[in-house]
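Peer 1: To be precise about what I am sending: the file is called input-v1.tsv and holds TSV, N, CA and C atoms.
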chain	number	residue	atom	x	y	z
N	280	MET	N	0.83	-1.19	0.00
N	280	MET	CA	0.00	0.00	0.00
N	280	MET	C	0.88	1.26	0.00
N	281	PHE	N	1.98	1.18	0.74
N	281	PHE	CA	2.89	2.32	0.81
N	281	PHE	C	3.45	2.67	-0.56
N	282	LYS	N	3.77	1.64	-1.34
N	282	LYS	CA	4.29	1.87	-2.70
N	282	LYS	C	3.23	2.55	-3.57
N	283	LEU	N	2.00	2.12	-3.40
N	283	LEU	CA	0.89	2.71	-4.16
N	283	LEU	C	0.74	4.20	-3.85
N	284	ILE	N	0.84	4.54	-2.59
N	284	ILE	CA	0.73	5.95	-2.19
N	284	ILE	C	1.88	6.76	-2.77
N	285	LEU	N	3.09	6.22	-2.70
N	285	LEU	CA	4.25	6.94	-3.25
N	285	LEU	C	4.14	7.12	-4.76
N	286	ILE	N	3.70	6.08	-5.45
N	286	ILE	CA	3.53	6.19	-6.90
N	286	ILE	C	2.49	7.25	-7.24
N	287	TYR	N	1.39	7.26	-6.50
N	287	TYR	CA	0.35	8.24	-6.75
N	287	TYR	C	0.86	9.66	-6.48
N	288	GLU	N	1.57	9.86	-5.39
N	288	GLU	CA	2.07	11.20	-5.05
N	288	GLU	C	3.04	11.71	-6.11
N	289	VAL	N	3.92	10.85	-6.58
N	289	VAL	CA	4.88	11.27	-7.61
N	289	VAL	C	4.16	11.61	-8.90
N	290	SER	N	3.18	10.78	-9.28
N	290	SER	CA	2.45	11.08	-10.52
N	290	SER	C	1.62	12.35	-10.38
N	291	PHE	N	1.08	12.61	-9.21
N	291	PHE	CA	0.31	13.82	-8.99
N	291	PHE	C	1.20	15.07	-9.10
N	292	VAL	N	2.38	15.01	-8.49
N	292	VAL	CA	3.31	16.15	-8.57
N	292	VAL	C	3.73	16.39	-10.02
N	293	LEU	N	4.02	15.32	-10.75
N	293	LEU	CA	4.38	15.49	-12.16
N	293	LEU	C	3.23	16.08	-12.97
N	294	PHE	N	2.01	15.61	-12.72
N	294	PHE	CA	0.84	16.13	-13.42
N	294	PHE	C	0.67	17.62	-13.17
N	295	TRP	N	0.78	18.06	-11.91
N	295	TRP	CA	0.60	19.47	-11.62
N	295	TRP	C	1.74	20.33	-12.15
N	296	ASN	N	2.96	19.78	-12.17
N	296	ASN	CA	4.07	20.54	-12.76
N	296	ASN	C	3.87	20.73	-14.25
N	297	ILE	N	3.42	19.70	-14.94
N	297	ILE	CA	3.16	19.82	-16.38
N	297	ILE	C	2.04	20.82	-16.62
N	298	LEU	N	0.97	20.73	-15.83
N	298	LEU	CA	-0.15	21.65	-15.98
N	298	LEU	C	0.27	23.09	-15.69
N	299	TYR	N	1.06	23.27	-14.66
N	299	TYR	CA	1.48	24.62	-14.25
N	299	TYR	C	2.39	25.26	-15.30
N	300	HIS	N	3.32	24.50	-15.83
N	300	HIS	CA	4.28	25.07	-16.77
N	300	HIS	C	3.75	25.15	-18.21
N	301	SER	N	2.69	24.41	-18.52
N	301	SER	CA	2.18	24.44	-19.88
N	301	SER	C	1.22	25.60	-20.14
N	302	ASN	N	0.70	26.20	-19.09
N	302	ASN	CA	-0.28	27.26	-19.24
N	302	ASN	C	0.21	28.51	-18.51
N	303	SER	N	0.46	29.58	-19.22
N	303	SER	CA	0.99	30.79	-18.59
N	303	SER	C	-0.06	31.50	-17.75
N	304	GLY	N	-1.33	31.30	-18.04
N	304	GLY	CA	-2.39	31.94	-17.26
N	304	GLY	C	-2.57	31.35	-15.88
N	305	VAL	N	-2.05	30.14	-15.66
N	305	VAL	CA	-2.19	29.48	-14.37
N	305	VAL	C	-1.40	30.23	-13.30
N	306	GLU	N	-0.26	30.81	-13.67
N	306	GLU	CA	0.57	31.53	-12.70
N	306	GLU	C	-0.19	32.70	-12.09
N	307	ASN	N	-0.87	33.47	-12.94
N	307	ASN	CA	-1.66	34.59	-12.43
N	307	ASN	C	-2.82	34.12	-11.57
N	308	TRP	N	-3.44	33.00	-11.96
N	308	TRP	CA	-4.55	32.47	-11.20
N	308	TRP	C	-4.09	32.03	-9.81
N	309	PHE	N	-2.89	31.43	-9.72
N	309	PHE	CA	-2.34	31.03	-8.42
N	309	PHE	C	-2.07	32.25	-7.55
N	310	GLU	N	-1.57	33.31	-8.13
N	310	GLU	CA	-1.26	34.51	-7.35
N	310	GLU	C	-2.53	35.22	-6.88
N	311	GLU	N	-3.55	35.30	-7.73
N	311	GLU	CA	-4.76	36.03	-7.39
N	311	GLU	C	-5.68	35.25	-6.45
N	312	ARG	N	-5.77	33.96	-6.66
N	312	ARG	CA	-6.71	33.14	-5.89
N	312	ARG	C	-5.98	31.97	-5.27
N	313	ILE	N	-5.14	32.25	-4.28
N	313	ILE	CA	-4.31	31.20	-3.68
N	313	ILE	C	-5.14	30.18	-2.93
N	314	LEU	N	-6.21	30.60	-2.23
N	314	LEU	CA	-7.03	29.64	-1.51
N	314	LEU	C	-7.80	28.72	-2.46
N	315	SER	N	-8.28	29.28	-3.54
N	315	SER	CA	-8.94	28.45	-4.55
N	315	SER	C	-7.95	27.46	-5.16
N	316	ALA	N	-6.74	27.91	-5.38
N	316	ALA	CA	-5.72	27.04	-5.96
N	316	ALA	C	-5.38	25.91	-5.00
N	317	ILE	N	-5.23	26.22	-3.71
N	317	ILE	CA	-4.92	25.18	-2.72
N	317	ILE	C	-6.06	24.17	-2.64
N	318	TYR	N	-7.29	24.68	-2.62
N	318	TYR	CA	-8.44	23.79	-2.57
N	318	TYR	C	-8.50	22.89	-3.81
N	319	THR	N	-8.23	23.45	-4.97
N	319	THR	CA	-8.26	22.67	-6.21
N	319	THR	C	-7.19	21.58	-6.20
N	320	VAL	N	-6.00	21.93	-5.77
N	320	VAL	CA	-4.91	20.96	-5.71
N	320	VAL	C	-5.25	19.83	-4.74
N	321	LEU	N	-5.68	20.18	-3.54
N	321	LEU	CA	-5.97	19.16	-2.54
N	321	LEU	C	-7.18	18.30	-2.90
N	322	SER	N	-8.21	18.92	-3.46
N	322	SER	CA	-9.39	18.14	-3.83
N	322	SER	C	-9.09	17.21	-5.00
N	323	THR	N	-8.28	17.65	-5.95
N	323	THR	CA	-7.87	16.79	-7.05
N	323	THR	C	-7.04	15.62	-6.54
N	324	MET	N	-6.17	15.89	-5.59
N	324	MET	CA	-5.35	14.85	-5.01
N	324	MET	C	-6.22	13.83	-4.28
N	325	ALA	N	-7.19	14.29	-3.51
N	325	ALA	CA	-8.07	13.39	-2.78
N	325	ALA	C	-8.93	12.56	-3.74
N	326	LEU	N	-9.42	13.18	-4.79
N	326	LEU	CA	-10.22	12.46	-5.77
N	326	LEU	C	-9.39	11.39	-6.47
N	327	GLY	N	-8.19	11.73	-6.86
N	327	GLY	CA	-7.30	10.76	-7.50
N	327	GLY	C	-6.97	9.60	-6.58
N	328	PHE	N	-6.71	9.89	-5.30
N	328	PHE	CA	-6.42	8.83	-4.34
N	328	PHE	C	-7.63	7.92	-4.17
N	329	ALA	N	-8.81	8.49	-4.10
N	329	ALA	CA	-10.03	7.69	-3.96
N	329	ALA	C	-10.24	6.77	-5.16
N	330	ILE	N	-9.97	7.27	-6.35
N	330	ILE	CA	-10.12	6.45	-7.56
N	330	ILE	C	-9.10	5.31	-7.56
N	331	VAL	N	-7.84	5.61	-7.26
N	331	VAL	CA	-6.80	4.59	-7.25
N	331	VAL	C	-7.09	3.54	-6.17
N	332	TYR	N	-7.51	3.97	-5.00
N	332	TYR	CA	-7.80	3.05	-3.91
N	332	TYR	C	-9.02	2.18	-4.23
N	333	THR	N	-10.02	2.75	-4.88
N	333	THR	CA	-11.19	1.98	-5.29
N	333	THR	C	-10.81	0.90	-6.30
N	334	ILE	N	-9.96	1.24	-7.24
N	334	ILE	CA	-9.49	0.25	-8.22
N	334	ILE	C	-8.70	-0.86	-7.52
N	335	TYR	N	-7.86	-0.49	-6.56
N	335	TYR	CA	-7.06	-1.46	-5.82
N	335	TYR	C	-7.95	-2.42	-5.02
N	336	ILE	N	-8.92	-1.87	-4.30
N	336	ILE	CA	-9.82	-2.71	-3.50
N	336	ILE	C	-10.66	-3.61	-4.40
N	337	THR	N	-11.14	-3.09	-5.52
N	337	THR	CA	-11.93	-3.89	-6.45
N	337	THR	C	-11.10	-5.05	-7.01
N	338	ALA	N	-9.85	-4.78	-7.36
N	338	ALA	CA	-8.97	-5.83	-7.87
N	338	ALA	C	-8.68	-6.87	-6.80
N	339	LYS	N	-8.55	-6.43	-5.57
N	339	LYS	CA	-8.28	-7.35	-4.46
N	339	LYS	C	-9.49	-8.23	-4.17
N	340	ILE	N	-10.68	-7.66	-4.14
N	340	ILE	CA	-11.90	-8.42	-3.85
N	340	ILE	C	-12.22	-9.40	-4.98
N	341	SER	N	-12.04	-8.97	-6.22
N	341	SER	CA	-12.39	-9.83	-7.35
N	341	SER	C	-11.38	-10.95	-7.58
N	342	GLY	N	-10.22	-10.89	-6.96
N	342	GLY	CA	-9.22	-11.94	-7.11
N	342	GLY	C	-8.22	-11.68	-8.22
N	343	VAL	N	-8.35	-10.57	-8.90
N	343	VAL	CA	-7.42	-10.24	-9.99
N	343	VAL	C	-6.02	-10.02	-9.44
N	344	LEU	N	-5.93	-9.42	-8.28
N	344	LEU	CA	-4.62	-9.12	-7.68
N	344	LEU	C	-3.87	-10.41	-7.35
N	345	ASP	N	-4.58	-11.44	-6.86
N	345	ASP	CA	-3.93	-12.72	-6.57
N	345	ASP	C	-3.43	-13.39	-7.84
N	346	LYS	N	-4.20	-13.29	-8.92
N	346	LYS	CA	-3.79	-13.89	-10.20
N	346	LYS	C	-2.55	-13.19	-10.74
N	347	VAL	N	-2.47	-11.87	-10.57
N	347	VAL	CA	-1.31	-11.12	-11.05
N	347	VAL	C	-0.07	-11.48	-10.24
N	348	LYS	N	-0.25	-11.71	-8.94
N	348	LYS	CA	0.90	-12.06	-8.09
N	348	LYS	C	1.44	-13.45	-8.42
N	349	LYS	N	0.58	-14.35	-8.94
N	349	LYS	CA	1.01	-15.71	-9.26
N	349	LYS	C	1.77	-15.81	-10.57
N	350	ILE	N	1.74	-14.77	-11.38
N	350	ILE	CA	2.45	-14.79	-12.66
N	350	ILE	C	3.95	-14.82	-12.39
N	351	LYS	N	4.62	-15.77	-13.02
N	351	LYS	CA	6.07	-15.90	-12.81
N	351	LYS	C	6.81	-14.81	-13.56
N	352	ASP	N	7.89	-14.35	-12.99
N	352	ASP	CA	8.72	-13.34	-13.61
N	352	ASP	C	9.59	-14.00	-14.68
N	353	PRO	N	9.41	-13.63	-15.96
N	353	PRO	CA	10.19	-14.29	-17.01
N	353	PRO	C	11.67	-13.91	-17.01
N	354	ARG	N	12.03	-12.92	-16.26
N	354	ARG	CA	13.44	-12.50	-16.22
N	354	ARG	C	14.26	-13.39	-15.32
N	355	ARG	N	13.63	-14.14	-14.42
N	355	ARG	CA	14.34	-15.00	-13.48
N	355	ARG	C	14.25	-16.44	-13.92
N	356	ASP	N	15.33	-17.13	-13.72
N	356	ASP	CA	15.32	-18.58	-13.98
N	356	ASP	C	15.15	-19.26	-12.63
N	357	LEU	N	13.96	-19.73	-12.35
N	357	LEU	CA	13.63	-20.30	-11.05
N	357	LEU	C	14.01	-21.77	-10.94
N	358	THR	N	14.50	-22.38	-12.02
N	358	THR	CA	14.85	-23.81	-11.98
N	358	THR	C	16.21	-24.06	-11.36
N	359	LYS	N	17.03	-23.07	-11.21
N	359	LYS	CA	18.39	-23.26	-10.68
N	359	LYS	C	18.39	-23.33	-9.19
Using structure tokens, write down the structure that the file contains.

Peer 2:
Amino acid sequence: MFKLILIYEVSFVLFWNILYHSNSGVENWFEERILSAIYTVLSTMALGFAIVYTIYITAKISGVLDKVKKIKDPRRDLTK
């Protein structure tokens, strides 16, 4: 679960950096409406976490996660 949280946080930071640097009007919006910007960032982060966690729980309940864990790694030779 810890790895999942770290992966999500890194992807969220990358997403917001791309969004921030790709649009020049976002800088002015952050300066003028800082509380709205903070709320938008945090609510987007919470929504993304809820979606990722829902997918994880659904995969765990349906048994898909167990099937994925049973797949052998083709890079390792387990016969030795």

Peer 1: Quick one: pull the distance between atom N of Phe291 (chain N) and atom C of Ile350 (chain N), Å, one decimal.

Peer 2: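 Going from atom N of Phe291 (chain N) over to atom C of Ile350 (chain N) covers 27.8 Å.
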
Peer 1: CA of Ser315 (chain N) and CA of Ile334 (chain N), how far apart in Å?

Peer 2: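 CA of Ser315 (chain N) lies at a distance of 28.4 Å from CA of Ile334 (chain N).
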
Peer 1: Enumerate the residues of chain N with a DSSP assignment of helix (DSSP H, G or I), computed from the backbone, and present them as a VMD selection string.

Peer 2: chain N and resid 281 to 301 304 to 311 313 to 341 343 to 349

Peer 1: What does the structure give for the distance between CA of Ile317 (chain N) and CA of Ser290 (chain N), in Å to one decimal?

Peer 2: 17.7 Å
